[in-house]
$ cat target_22.cif   # mmCIF, C-alpha atoms and all ligand atoms
data_upload
loop_
_atom_site.label_atom_id
_atom_site.label_comp_id
_atom_site.auth_asym_id
_atom_site.auth_seq_id
_atom_site.Cartn_x
_atom_site.Cartn_y
_atom_site.Cartn_z
CA MET A 1 80.63 86.85 94.33
CA THR A 2 83.76 87.41 92.30
CA PRO A 3 84.79 84.16 90.58
CA LEU A 4 88.29 83.02 91.45
CA LEU A 5 88.84 80.20 88.98
CA SER A 6 90.19 81.17 85.57
CA PRO A 7 89.30 78.94 82.58
CA GLU A 8 92.75 77.28 82.95
CA LEU A 9 92.17 76.56 86.66
CA ARG A 10 88.71 75.19 85.87
CA ARG A 11 90.20 72.78 83.35
CA GLU A 12 92.90 71.72 85.81
CA LEU A 13 90.35 71.22 88.60
CA GLN A 14 88.23 68.97 86.39
CA THR A 15 91.23 66.73 85.69
CA LEU A 16 91.60 66.06 89.44
CA VAL A 17 88.17 64.50 90.00
CA ALA A 18 86.16 61.85 88.16
CA ARG A 19 82.71 63.40 88.62
CA PRO A 20 81.83 66.48 86.53
CA VAL A 21 82.32 69.69 88.51
CA ALA A 22 79.10 71.74 88.74
CA TRP A 23 79.84 75.38 87.90
CA ALA A 24 77.70 78.15 89.40
CA ALA A 25 75.60 75.55 91.23
CA PRO A 26 72.63 77.14 93.06
CA MET A 27 73.11 76.35 96.74
CA ALA A 28 69.43 76.78 97.58
CA ALA A 29 69.06 73.28 96.17
CA HIS A 30 71.61 71.96 98.67
CA THR A 31 70.40 73.50 101.93
CA SER A 32 67.44 72.68 104.15
CA LEU A 33 66.60 76.41 104.32
CA LYS A 34 66.37 76.49 100.49
CA ILE A 35 68.50 79.62 100.50
CA GLY A 36 71.86 80.38 98.93
CA GLY A 37 73.37 81.81 95.74
CA PRO A 38 75.65 79.91 93.34
CA ALA A 39 78.72 77.96 94.40
CA GLU A 40 81.44 78.79 91.91
CA ALA A 41 82.59 75.15 91.81
CA LEU A 42 80.68 72.33 93.49
CA VAL A 43 83.00 69.35 93.54
CA ILE A 44 81.92 65.81 94.43
CA LEU A 45 84.76 63.73 95.83
CA GLU A 46 84.82 59.95 95.55
CA SER A 47 88.21 58.98 96.99
CA ILE A 48 90.91 59.96 99.44
CA GLU A 49 93.21 60.60 96.47
CA GLU A 50 90.76 63.12 95.06
CA ILE A 51 90.51 64.91 98.40
CA THR A 52 94.27 65.19 98.85
CA ALA A 53 94.72 66.39 95.26
CA LEU A 54 92.01 69.04 95.75
CA LEU A 55 93.53 70.31 98.99
CA VAL A 56 96.95 70.64 97.37
CA PHE A 57 95.37 72.39 94.35
CA ALA A 58 93.53 74.82 96.66
CA ARG A 59 96.71 75.70 98.54
CA GLN A 60 98.82 76.08 95.39
CA HIS A 61 96.35 78.51 93.87
CA GLY A 62 95.21 80.23 97.06
CA LEU A 63 91.62 79.09 96.55
CA PRO A 64 89.16 79.06 99.44
CA TRP A 65 87.26 75.81 100.08
CA ARG A 66 84.74 74.42 102.51
CA VAL A 67 82.95 71.09 103.01
CA LEU A 68 79.22 70.89 102.52
CA GLY A 69 77.41 68.11 104.40
CA LYS A 70 73.62 67.93 104.02
CA GLY A 71 73.37 71.71 104.34
CA SER A 72 70.98 71.43 107.29
CA ASN A 73 72.75 73.89 109.55
CA LEU A 74 73.77 76.52 107.00
CA LEU A 75 72.63 79.95 105.90
CA ILE A 76 74.38 80.61 102.59
CA ALA A 77 74.74 84.14 101.22
CA ASP A 78 72.58 85.23 98.29
CA ASP A 79 75.78 86.24 96.53
CA GLY A 80 77.04 82.65 96.59
CA LEU A 81 80.38 81.03 97.37
CA ALA A 82 83.65 81.75 95.59
CA GLY A 83 86.23 78.98 95.27
CA MET A 84 85.47 75.32 95.86
CA THR A 85 82.59 73.76 97.74
CA LEU A 86 83.40 70.13 98.42
CA VAL A 87 80.87 67.34 98.84
CA LEU A 88 81.70 63.77 99.83
CA GLY A 89 80.18 61.31 97.36
CA ALA A 90 78.80 57.78 97.58
CA ALA A 91 82.21 56.32 98.45
CA PHE A 92 81.84 57.92 101.88
CA HIS A 93 78.43 56.43 102.72
CA LEU A 94 79.65 53.09 104.08
CA LEU A 95 78.06 51.77 107.30
CA GLU A 96 79.71 48.75 108.89
CA LYS A 97 79.63 46.78 112.13
CA THR A 98 83.31 46.35 112.93
CA GLY A 99 83.19 44.71 116.37
CA GLU A 100 80.75 43.45 118.98
CA ARG A 101 79.73 46.98 119.94
CA GLU A 102 81.54 48.98 117.25
CA ILE A 103 80.27 50.77 114.18
CA ALA A 104 82.28 52.51 111.46
CA ALA A 105 80.57 55.03 109.19
CA GLY A 106 81.55 57.20 106.24
CA ALA A 107 81.25 60.92 106.92
CA ALA A 108 78.66 61.39 104.17
CA SER A 109 76.26 58.92 105.82
CA ALA A 110 72.91 60.41 106.71
CA LEU A 111 72.39 60.48 110.49
CA PRO A 112 68.94 58.83 110.31
CA ALA A 113 70.44 55.98 108.22
CA LEU A 114 73.22 55.55 110.77
CA SER A 115 70.75 55.60 113.64
CA TYR A 116 68.50 52.94 112.03
CA PHE A 117 71.52 50.82 111.07
CA CYS A 118 72.64 50.73 114.71
CA GLN A 119 69.12 49.92 115.88
CA GLY A 120 69.01 46.98 113.47
CA GLN A 121 72.29 45.70 114.92
CA GLY A 122 70.91 45.89 118.48
CA LEU A 123 73.29 48.72 119.33
CA ALA A 124 72.02 51.66 121.35
CA GLY A 125 73.34 55.18 121.81
CA LEU A 126 72.54 56.93 118.53
CA GLU A 127 68.74 56.75 118.63
CA PHE A 128 68.56 60.50 119.38
CA ALA A 129 69.95 61.08 115.85
CA ALA A 130 67.08 59.45 113.94
CA GLY A 131 65.35 62.80 113.37
CA ILE A 132 68.38 64.97 112.64
CA PRO A 133 68.65 65.58 108.87
CA GLY A 134 72.43 66.03 108.73
CA SER A 135 75.43 63.99 107.63
CA LEU A 136 77.81 62.33 110.04
CA GLY A 137 80.58 64.83 109.16
CA GLY A 138 78.31 67.77 109.93
CA ALA A 139 77.09 66.09 113.10
CA VAL A 140 80.66 65.71 114.39
CA VAL A 141 81.46 69.35 113.68
CA MET A 142 78.24 70.52 115.37
CA ASN A 143 78.31 67.84 118.08
CA ALA A 144 74.69 67.32 117.08
CA GLY A 145 72.38 66.27 119.85
CA ALA A 146 68.80 65.88 120.99
CA PHE A 147 66.82 64.36 123.85
CA GLY A 148 69.80 64.22 126.18
CA GLY A 149 72.13 62.52 123.69
CA GLN A 150 74.94 63.95 121.59
CA ILE A 151 77.48 62.63 119.08
CA ALA A 152 80.38 63.08 121.51
CA ASP A 153 78.84 60.56 123.96
CA CYS A 154 79.58 57.48 121.87
CA LEU A 155 82.15 58.66 119.29
CA SER A 156 85.45 56.83 119.64
CA GLU A 157 87.53 58.29 116.81
CA ILE A 158 87.43 60.16 113.51
CA ASP A 159 89.44 59.93 110.31
CA LEU A 160 90.57 63.29 108.95
CA CYS A 161 91.94 63.68 105.46
CA GLY A 162 94.48 66.43 104.84
CA GLU A 163 97.00 67.06 102.10
CA ASP A 164 99.12 64.14 103.27
CA GLY A 165 96.33 61.61 103.56
CA VAL A 166 94.26 60.23 106.41
CA GLN A 167 95.02 60.59 110.08
CA THR A 168 92.98 59.10 112.90
CA LEU A 169 92.18 61.19 115.97
CA PRO A 170 90.69 59.74 119.14
CA ALA A 171 87.50 61.52 120.23
CA THR A 172 89.21 62.30 123.53
CA GLU A 173 91.44 64.76 121.63
CA LEU A 174 88.46 66.68 120.27
CA CYS A 175 87.20 69.35 122.60
CA PHE A 176 83.46 68.82 122.34
CA GLY A 177 81.02 71.26 123.85
CA TYR A 178 77.39 72.18 123.35
CA ARG A 179 76.95 72.27 119.54
CA THR A 180 80.69 72.61 119.02
CA TRP A 181 83.62 70.28 118.63
CA LEU A 182 86.68 72.42 118.97
CA ASP A 183 88.67 74.38 121.40
CA ALA A 184 89.58 76.83 118.63
CA ALA A 185 92.72 78.08 120.36
CA LYS A 186 94.15 74.58 120.41
CA TRP A 187 93.62 73.98 116.73
CA ILE A 188 94.05 77.37 115.07
CA GLY A 189 96.35 76.93 112.11
CA GLY A 190 96.39 73.25 112.98
CA LEU A 191 95.31 70.01 111.47
CA ILE A 192 91.56 70.27 111.65
CA SER A 193 90.91 73.52 109.81
CA GLN A 194 92.80 72.10 106.84
CA SER A 195 91.11 68.71 106.80
CA VAL A 196 87.97 66.90 105.77
CA ILE A 197 86.32 64.39 108.10
CA VAL A 198 86.00 61.21 106.05
CA ALA A 199 84.86 58.62 108.59
CA ALA A 200 84.04 58.08 112.24
CA ARG A 201 83.78 55.13 114.59
CA PHE A 202 81.46 54.63 117.55
CA VAL A 203 81.37 52.36 120.56
CA LEU A 204 77.76 51.69 121.51
CA HIS A 205 75.98 49.43 123.99
CA GLU A 206 73.85 46.39 123.36
CA ASP A 207 70.08 46.50 123.73
CA GLU A 208 67.02 44.83 122.25
CA PRO A 209 66.29 46.23 118.75
CA ALA A 210 62.61 46.59 119.74
CA ALA A 211 63.51 48.64 122.82
CA ILE A 212 65.80 50.90 120.77
CA ALA A 213 63.08 51.30 118.11
CA ALA A 214 60.55 52.25 120.82
CA ARG A 215 62.84 55.04 122.04
CA MET A 216 63.33 56.28 118.48
CA ARG A 217 59.57 56.38 117.95
CA GLN A 218 59.11 58.30 121.18
CA TYR A 219 61.72 60.90 120.17
CA GLN A 220 60.16 61.27 116.73
CA GLN A 221 56.71 61.79 118.24
CA THR A 222 58.05 64.45 120.59
CA ARG A 223 59.82 66.15 117.70
CA ARG A 224 56.72 66.11 115.51
CA ALA A 225 54.67 67.60 118.36
CA SER A 226 57.08 70.43 119.17
CA GLN A 227 58.92 71.34 115.95
CA PRO A 228 57.59 72.57 112.58
CA GLN A 229 57.14 69.84 109.99
CA GLY A 230 57.36 70.08 106.20
CA VAL A 231 58.80 73.60 106.07
CA ALA A 232 62.26 74.81 105.10
CA SER A 233 64.40 75.49 108.17
CA ALA A 234 67.85 74.83 109.58
CA GLY A 235 66.52 73.43 112.86
CA SER A 236 67.13 75.62 115.90
CA PHE A 237 68.43 78.93 114.61
CA PHE A 238 69.97 80.00 117.93
CA LYS A 239 71.78 78.05 120.62
CA ASN A 240 70.06 77.79 123.96
CA PRO A 241 71.62 80.18 126.45
CA PRO A 242 72.86 78.48 129.64
CA GLY A 243 69.92 77.33 131.74
CA ASP A 244 67.25 78.61 129.37
CA SER A 245 65.70 77.96 125.99
CA ALA A 246 65.99 80.30 123.01
CA GLY A 247 62.54 79.13 121.86
CA ARG A 248 60.95 80.07 125.17
CA LEU A 249 62.66 83.48 125.22
CA ILE A 250 61.62 84.34 121.64
CA ASP A 251 58.09 83.07 122.23
CA ALA A 252 57.80 85.20 125.39
CA CYS A 253 58.54 88.25 123.22
CA GLY A 254 55.44 87.42 121.19
CA LEU A 255 57.48 86.93 118.03
CA LYS A 256 55.88 83.74 116.67
CA GLY A 257 54.66 84.49 113.17
CA ARG A 258 56.89 87.61 112.82
CA ARG A 259 57.93 87.93 109.15
CA PHE A 260 60.53 89.73 107.14
CA GLY A 261 59.81 89.00 103.50
CA ASP A 262 59.34 85.24 103.30
CA ALA A 263 61.45 84.60 106.41
CA MET A 264 59.25 83.83 109.42
CA VAL A 265 59.51 82.88 113.09
CA SER A 266 57.71 79.54 113.08
CA PRO A 267 54.35 79.57 114.85
CA ALA A 268 55.11 75.97 115.91
CA HIS A 269 58.47 76.62 117.60
CA ALA A 270 59.88 80.10 118.05
CA ASN A 271 63.53 79.03 117.64
CA PHE A 272 62.87 77.78 114.10
CA LEU A 273 63.21 80.54 111.53
CA VAL A 274 61.55 79.19 108.41
CA ASN A 275 61.55 80.02 104.72
CA CYS A 276 57.93 80.35 103.61
CA GLY A 277 58.86 80.33 99.93
CA GLN A 278 61.23 82.85 98.43
CA ALA A 279 63.17 84.10 101.48
CA SER A 280 66.66 85.37 100.76
CA ALA A 281 69.65 85.13 103.09
CA THR A 282 69.29 88.88 103.56
CA ASP A 283 65.66 88.42 104.72
CA MET A 284 66.68 85.67 107.11
CA CYS A 285 69.55 87.75 108.56
CA GLU A 286 67.27 90.72 109.09
CA LEU A 287 64.64 88.59 110.82
CA ALA A 288 67.32 87.02 113.02
CA ARG A 289 68.63 90.49 113.86
CA GLN A 290 65.17 91.66 114.90
CA VAL A 291 64.68 88.54 117.04
CA CYS A 292 68.03 89.06 118.80
CA GLU A 293 67.29 92.73 119.37
CA GLU A 294 63.86 92.02 120.86
CA VAL A 295 65.14 89.17 123.09
CA PHE A 296 67.91 91.40 124.38
CA ARG A 297 65.49 94.28 124.98
CA ARG A 298 63.01 92.10 126.91
CA HIS A 299 65.31 89.60 128.64
CA GLY A 300 68.79 91.14 128.57
CA ILE A 301 70.14 87.96 126.93
CA HIS A 302 72.30 87.85 123.79
CA LEU A 303 71.30 84.90 121.60
CA GLU A 304 74.14 83.17 119.79
CA ARG A 305 73.44 81.75 116.35
CA GLU A 306 73.63 77.97 116.00
CA VAL A 307 73.22 78.11 112.23
CA GLU A 308 76.50 78.69 110.42
CA ALA A 309 76.56 81.58 107.92
CA TRP A 310 78.60 81.14 104.73
P1 LIG B 1 76.17 71.17 107.12
O1 LIG B 1 75.04 72.05 107.53
O2 LIG B 1 76.31 70.87 105.69
O3 LIG B 1 77.55 71.80 107.65
C1 LIG B 1 77.70 72.17 109.01
C2 LIG B 1 79.19 72.31 109.31
O4 LIG B 1 79.81 71.02 109.24
C3 LIG B 1 79.94 73.18 108.30
O5 LIG B 1 80.96 73.86 108.98
C4 LIG B 1 80.58 72.17 107.36
O6 LIG B 1 81.73 72.66 106.72
C5 LIG B 1 80.94 71.08 108.35
N1 LIG B 1 81.08 69.76 107.72
C6 LIG B 1 80.11 69.01 107.17
N2 LIG B 1 80.62 67.84 106.74
C7 LIG B 1 81.95 67.88 107.00
C8 LIG B 1 83.04 66.99 106.78
N3 LIG B 1 82.86 65.78 106.21
N4 LIG B 1 84.28 67.37 107.17
C9 LIG B 1 84.48 68.59 107.77
N5 LIG B 1 83.50 69.46 108.00
C10 LIG B 1 82.25 69.12 107.62
N6 LIG B 1 70.85 69.64 115.09
C11 LIG B 1 70.98 69.09 116.32
O7 LIG B 1 72.08 69.10 116.88
N7 LIG B 1 69.91 68.53 116.96
C12 LIG B 1 68.68 68.48 116.40
O8 LIG B 1 67.75 67.97 117.01
C13 LIG B 1 68.52 69.05 115.10
N8 LIG B 1 67.32 69.03 114.49
C14 LIG B 1 67.20 69.58 113.25
C15 LIG B 1 65.95 69.55 112.62
C16 LIG B 1 65.79 70.09 111.35
C17 LIG B 1 64.44 70.07 110.69
C18 LIG B 1 66.90 70.68 110.68
C19 LIG B 1 66.75 71.25 109.31
C20 LIG B 1 68.13 70.72 111.30
C21 LIG B 1 68.30 70.19 112.59
N9 LIG B 1 69.53 70.21 113.24
C22 LIG B 1 69.65 69.63 114.48
C23 LIG B 1 70.68 70.91 112.62
C24 LIG B 1 71.56 70.04 111.70
O9 LIG B 1 70.81 68.97 111.14
C25 LIG B 1 72.78 69.49 112.43
O10 LIG B 1 73.59 70.51 112.92
C26 LIG B 1 73.63 68.58 111.53
O11 LIG B 1 74.58 67.92 112.31
C27 LIG B 1 74.36 69.34 110.40
O12 LIG B 1 74.89 68.39 109.50
P2 LIG B 1 75.04 68.70 107.94
O13 LIG B 1 75.62 67.51 107.29
O14 LIG B 1 73.77 69.18 107.39
O15 LIG B 1 76.13 69.85 108.01
N1 LIG B 2 59.27 76.67 124.20
C1 LIG B 2 58.38 77.71 124.21
N2 LIG B 2 57.98 78.23 123.01
C2 LIG B 2 58.46 77.79 121.83
C3 LIG B 2 59.39 76.74 121.82
C4 LIG B 2 59.79 76.19 123.02
O1 LIG B 2 57.95 78.15 125.26
O2 LIG B 2 58.05 78.32 120.79
C5 LIG B 2 59.68 76.05 125.46
C6 LIG B 2 59.16 74.62 125.56
O3 LIG B 2 57.83 74.60 126.06
C7 LIG B 2 60.16 73.98 126.50
C8 LIG B 2 61.45 74.72 126.21
O4 LIG B 2 61.09 75.93 125.53
O5 LIG B 2 59.79 74.21 127.83
C9 LIG B 2 62.44 73.91 125.36
O6 LIG B 2 61.85 73.63 124.09
P1 LIG B 2 62.10 72.25 123.33
O7 LIG B 2 61.78 71.10 124.24
O8 LIG B 2 61.38 72.31 122.03
O9 LIG B 2 63.65 72.17 123.12
P2 LIG B 2 64.67 73.23 122.57
O10 LIG B 2 65.59 73.58 123.69
O11 LIG B 2 64.00 74.34 121.88
C10 LIG B 2 66.53 71.56 121.85
C11 LIG B 2 67.50 71.56 120.72
C12 LIG B 2 66.90 70.86 119.51
C13 LIG B 2 66.52 69.44 119.88
C14 LIG B 2 65.51 69.50 121.02
C15 LIG B 2 65.10 68.11 121.51
C16 LIG B 2 68.88 73.54 120.89
C17 LIG B 2 69.10 74.93 120.44
N3 LIG B 2 67.83 72.92 120.36
O12 LIG B 2 65.44 72.37 121.47
O13 LIG B 2 67.91 70.81 118.52
O14 LIG B 2 65.94 68.78 118.77
O15 LIG B 2 66.11 70.22 122.13
O16 LIG B 2 66.10 67.57 122.30
O17 LIG B 2 69.66 73.03 121.68
C18 LIG B 2 68.88 71.95 116.66
O18 LIG B 2 69.91 72.03 117.34
O19 LIG B 2 68.81 72.36 115.48
C19 LIG B 2 67.68 71.36 117.27
C20 LIG B 2 66.50 71.30 116.66
#
$ encode --input "target_22.cif" --output "structure tokens"
Amino acid sequence: MTPLLSPELRRELQTLVARPVAWAAPMAAHTSLKIGGPAEALVILESIEEITALLVFARQHGLPWRVLGKGSNLLIADDGLAGMTLVLGAAFHLLEKTGEREIAAGAASALPALSYFCQGQGLAGLEFAAGIPGSLGGAVVMNAGAFGGQIADCLSEIDLCGEDGVQTLPATELCFGYRTWLDAAKWIGGLISQSVIVAARFVLHEDEPAAIAARMRQYQQTRRASQPQGVASAGSFFKNPPGDSAGRLIDACGLKGRRFGDAMVSPAHANFLVNCGQASATDMCELARQVCEEVFRRHGIHLEREVEAW
């Protein structure tokens, strides 16, 4: 990674945010796969003003930037990330009941916290999210889902912060699909690619807290029984192809336990590629390549990665 920020730019960047910028921050500490080289500048943002100032600064100096959520769907290069990696701080963790069936949440909120908050309010619809270790911002971008539910089902609107401040978009204007939120053609060069999701609102339905909790327990049990526990992963590595399951296809190739370095196809669930200790991004990419090649050879199906590579 070739650093892009001169000492002068570093000093200027630090004047724009209250929290100390972390320089050359190892990203392995910020991803569920425990993989990733240093981020040149890891910047924690605590206000809308800081976000707008950072976006203007990035444009003025031609600096690349991206938003890091909980890092649970990312494979970050061993070489690291040049430019600015933005993280929403505690100011974006707010969870609030705003109406009889309405919840507002900051984009940095953890999905399990949001799910349990709704359950406590007797509001159903987000119980599928209790076991997904992402942030709300990341869940909107991925249209995270499980057990027949997905974020798009009960999302009513999002707040996006760009250079000019916050704009609210109704969920009906977002083109959600399976593990995706955008019709890229519609938005290329548009608002979303230049913005940070800062909040979202949901309309849910009323139910007994005990009944909601029972469903959450059931989902968690199913997850524990079918997915690897206590190992570094990014969840499902590949999307399911239409009408089939990537896990079933990989398993049928006999690939469970296949290793490349410390990257391994989980023996518990074949669509989880796990880091057994010191796996690099290069190891993980090579293992994923071998899996794709074998699945195509045996089944004639191209697997598409769900995990985003940075
Ligand atoms: P990150 O991985 O940090 O980022 C993902 C994308 O979102 C990036 O493009 C990032 O730039 C963007 N992003 C994040 N925050 C913002 C923001 N505020 N504004 C703009 N862009 C933003 N996923 C499922 O769908 N269902 C599951 O059942 C599931 N189970 C999982 C189980 C495990 C053990 C693990 C490790 C992962 C699992 N996942 C699952 C994957 C992952 O948790 C989800 O995709 C989650 O929504 C990603 O959120 P994140 O905050 O970690 O996003
Ligand atoms: N299967 C195998 N072998 C395996 C794994 C699965 O044969 O090693 C079979 C199962 O027996 C089952 C089928 O494949 O018949 C589907 O498996 P599972 O029920 O585990 O669901 P999945 O399709 O693999 C999806 C999501 C998960 C989500 C679960 C629960 C995708 C890519 N994955 O998994 O999401 O938690 O359903 O709803 O859509 C994620 O996106 O990161 C993720 C974990």
$ closest_residue --input "target_22.cif" --among "A:Arg223, A:Leu54, A:Phe202, A:Ser280" --to "Ile76 of chain A" --atoms "all atoms listed in the file"
A:Ser280
$ residues_around --input "target_22.cif" --residues "segment 84-95 of chain A" --least-positions-apart "4" --cutoff "6 Å" --atoms "all atoms listed in the file" --output "ChimeraX atom specification"
/A:41-46,65-68,104-109
$ residues_near_ligand --input "target_22.cif" --ligand "ligand LIG 2 (chain B)" --cutoff "7 Å" --atoms "all atoms listed in the file" --output "PyMOL selection string"
chain A and resi 144-148+223+226-227+234-240+245-248+251+268-271
$ closest_atom_pairs --input "target_22.cif" --of "chain A" --to "ligand LIG 1 (chain B)" --cutoff "8 Å" --atoms "only C-alpha atoms and all ligand atoms" --output "Markdown table"
| residue | atom | partner | partner_atom | distance |
| --- | --- | --- | --- | --- |
| A:Thr31 | CA | B:LIG1 | O1 | 7.4 |
| A:Ser32 | CA | B:LIG1 | C19 | 5.4 |
| A:Leu33 | CA | B:LIG1 | C19 | 7.2 |
| A:Arg66 | CA | B:LIG1 | O6 | 5.5 |
| A:Val67 | CA | B:LIG1 | O6 | 4.2 |
| A:Leu68 | CA | B:LIG1 | O2 | 4.3 |
| A:Gly69 | CA | B:LIG1 | O2 | 3.2 |
| A:Lys70 | CA | B:LIG1 | O14 | 3.6 |
| A:Gly71 | CA | B:LIG1 | O2 | 3.3 |
| A:Ser72 | CA | B:LIG1 | O14 | 3.6 |
| A:Asn73 | CA | B:LIG1 | O1 | 3.6 |
| A:Leu74 | CA | B:LIG1 | O1 | 4.7 |
| A:Val87 | CA | B:LIG1 | N3 | 7.8 |
| A:Leu88 | CA | B:LIG1 | N3 | 6.8 |
| A:Ala107 | CA | B:LIG1 | N3 | 5.2 |
| A:Ala108 | CA | B:LIG1 | N3 | 6.4 |
| A:Ala110 | CA | B:LIG1 | O13 | 7.6 |
| A:Leu111 | CA | B:LIG1 | O11 | 8.0 |
| A:Phe128 | CA | B:LIG1 | O8 | 7.9 |
| A:Ala129 | CA | B:LIG1 | O8 | 7.3 |
| A:Gly131 | CA | B:LIG1 | N8 | 6.6 |
| A:Ile132 | CA | B:LIG1 | N8 | 4.6 |
| A:Pro133 | CA | B:LIG1 | O9 | 4.6 |
| A:Gly134 | CA | B:LIG1 | O12 | 3.5 |
| A:Ser135 | CA | B:LIG1 | O13 | 3.5 |
| A:Leu136 | CA | B:LIG1 | O13 | 6.3 |
| A:Gly137 | CA | B:LIG1 | N3 | 3.8 |
| A:Gly138 | CA | B:LIG1 | O12 | 3.5 |
| A:Ala139 | CA | B:LIG1 | O11 | 3.2 |
| A:Val140 | CA | B:LIG1 | O11 | 6.8 |
| A:Val141 | CA | B:LIG1 | O4 | 5.0 |
| A:Met142 | CA | B:LIG1 | O10 | 5.3 |
| A:Asn143 | CA | B:LIG1 | O7 | 6.5 |
| A:Ala144 | CA | B:LIG1 | O7 | 3.2 |
| A:Gly145 | CA | B:LIG1 | O7 | 4.1 |
| A:Ala146 | CA | B:LIG1 | O8 | 4.6 |
| A:Phe147 | CA | B:LIG1 | O8 | 7.8 |
| A:Gln150 | CA | B:LIG1 | O7 | 7.5 |
| A:Leu160 | CA | B:LIG1 | N4 | 7.7 |
| A:Arg179 | CA | B:LIG1 | O7 | 6.4 |
| A:Ser195 | CA | B:LIG1 | C9 | 6.7 |
| A:Val196 | CA | B:LIG1 | N4 | 4.0 |
| A:Ile197 | CA | B:LIG1 | N4 | 3.7 |
| A:Val198 | CA | B:LIG1 | N3 | 5.5 |
| A:Ala199 | CA | B:LIG1 | N3 | 7.8 |
| A:Gln227 | CA | B:LIG1 | C17 | 7.7 |
| A:Pro228 | CA | B:LIG1 | C17 | 7.5 |
| A:Gln229 | CA | B:LIG1 | C17 | 7.3 |
| A:Ala232 | CA | B:LIG1 | C19 | 7.1 |
| A:Ser233 | CA | B:LIG1 | C19 | 5.0 |
| A:Ala234 | CA | B:LIG1 | C19 | 3.8 |
| A:Gly235 | CA | B:LIG1 | C20 | 3.5 |
| A:Ser236 | CA | B:LIG1 | C21 | 6.5 |
| A:Val307 | CA | B:LIG1 | O10 | 7.6 |
| A:Glu308 | CA | B:LIG1 | O5 | 6.7 |
$ residues_around --input "target_22.cif" --residues "Glu50 of chain A" --least-positions-apart "5" --cutoff "9 Å" --atoms "only C-alpha atoms" --output "NGL selection string"
:A and (16-18 or 45 or 55)
$ closest_residue --input "target_22.cif" --among "A:Ala152, A:Met27, A:Leu169, A:Val21" --to "Gly125 of chain A" --atoms "all atoms listed in the file"
A:Ala152
$ residues_around --input "target_22.cif" --residues "Ile250 of chain A" --least-positions-apart "5" --cutoff "10 Å" --atoms "only C-alpha atoms" --output "list of chain:residue names"
A:Ser245, A:Leu255, A:Lys256, A:Val265, A:His269, A:Ala270, A:Asn271, A:Val291, A:Cys292, A:Glu294, A:Val295, A:Phe296, A:Arg298, A:His299, A:Leu303
$ atom_distance --input "target_22.cif" --atom1 "atom CA of Arg11 of chain A" --atom2 "atom CA of Pro26 of chain A"
20.5 Å
$ build_atoms --input "target_22.cif" --residues "segment 44-56 of chain A" --atoms "N, CA and C atoms" --output "PDB file, keeping the file's coordinate frame"
ATOM      1  N   ILE A  44      82.245  67.052  93.709  1.00  0.00           N
ATOM      2  CA  ILE A  44      81.920  65.810  94.430  1.00  0.00           C
ATOM      3  C   ILE A  44      83.165  64.925  94.443  1.00  0.00           C
ATOM      4  N   LEU A  45      83.512  64.482  95.643  1.00  0.00           N
ATOM      5  CA  LEU A  45      84.760  63.730  95.830  1.00  0.00           C
ATOM      6  C   LEU A  45      84.457  62.266  96.110  1.00  0.00           C
ATOM      7  N   GLU A  46      85.128  61.376  95.402  1.00  0.00           N
ATOM      8  CA  GLU A  46      84.820  59.950  95.550  1.00  0.00           C
ATOM      9  C   GLU A  46      85.990  59.129  96.074  1.00  0.00           C
ATOM     10  N   SER A  47      87.091  59.763  96.443  1.00  0.00           N
ATOM     11  CA  SER A  47      88.210  58.980  96.990  1.00  0.00           C
ATOM     12  C   SER A  47      89.117  59.881  97.819  1.00  0.00           C
ATOM     13  N   ILE A  48      89.915  59.230  98.634  1.00  0.00           N
ATOM     14  CA  ILE A  48      90.910  59.960  99.440  1.00  0.00           C
ATOM     15  C   ILE A  48      91.887  60.672  98.509  1.00  0.00           C
ATOM     16  N   GLU A  49      92.241  59.999  97.414  1.00  0.00           N
ATOM     17  CA  GLU A  49      93.210  60.600  96.470  1.00  0.00           C
ATOM     18  C   GLU A  49      92.641  61.903  95.908  1.00  0.00           C
ATOM     19  N   GLU A  50      91.359  61.892  95.592  1.00  0.00           N
ATOM     20  CA  GLU A  50      90.760  63.120  95.060  1.00  0.00           C
ATOM     21  C   GLU A  50      90.786  64.237  96.105  1.00  0.00           C
ATOM     22  N   ILE A  51      90.510  63.870  97.357  1.00  0.00           N
ATOM     23  CA  ILE A  51      90.510  64.910  98.400  1.00  0.00           C
ATOM     24  C   ILE A  51      91.912  65.508  98.545  1.00  0.00           C
ATOM     25  N   THR A  52      92.919  64.655  98.649  1.00  0.00           N
ATOM     26  CA  THR A  52      94.270  65.190  98.850  1.00  0.00           C
ATOM     27  C   THR A  52      94.683  66.059  97.653  1.00  0.00           C
ATOM     28  N   ALA A  53      94.353  65.607  96.457  1.00  0.00           N
ATOM     29  CA  ALA A  53      94.720  66.390  95.260  1.00  0.00           C
ATOM     30  C   ALA A  53      94.031  67.757  95.283  1.00  0.00           C
ATOM     31  N   LEU A  54      92.768  67.764  95.704  1.00  0.00           N
ATOM     32  CA  LEU A  54      92.010  69.040  95.750  1.00  0.00           C
ATOM     33  C   LEU A  54      92.600  69.988  96.792  1.00  0.00           C
ATOM     34  N   LEU A  55      92.991  69.440  97.932  1.00  0.00           N
ATOM     35  CA  LEU A  55      93.530  70.310  98.990  1.00  0.00           C
ATOM     36  C   LEU A  55      94.864  70.912  98.552  1.00  0.00           C
ATOM     37  N   VAL A  56      95.676  70.127  97.875  1.00  0.00           N
ATOM     38  CA  VAL A  56      96.950  70.640  97.370  1.00  0.00           C
ATOM     39  C   VAL A  56      96.682  71.721  96.312  1.00  0.00           C
TER      40      VAL A  56
END
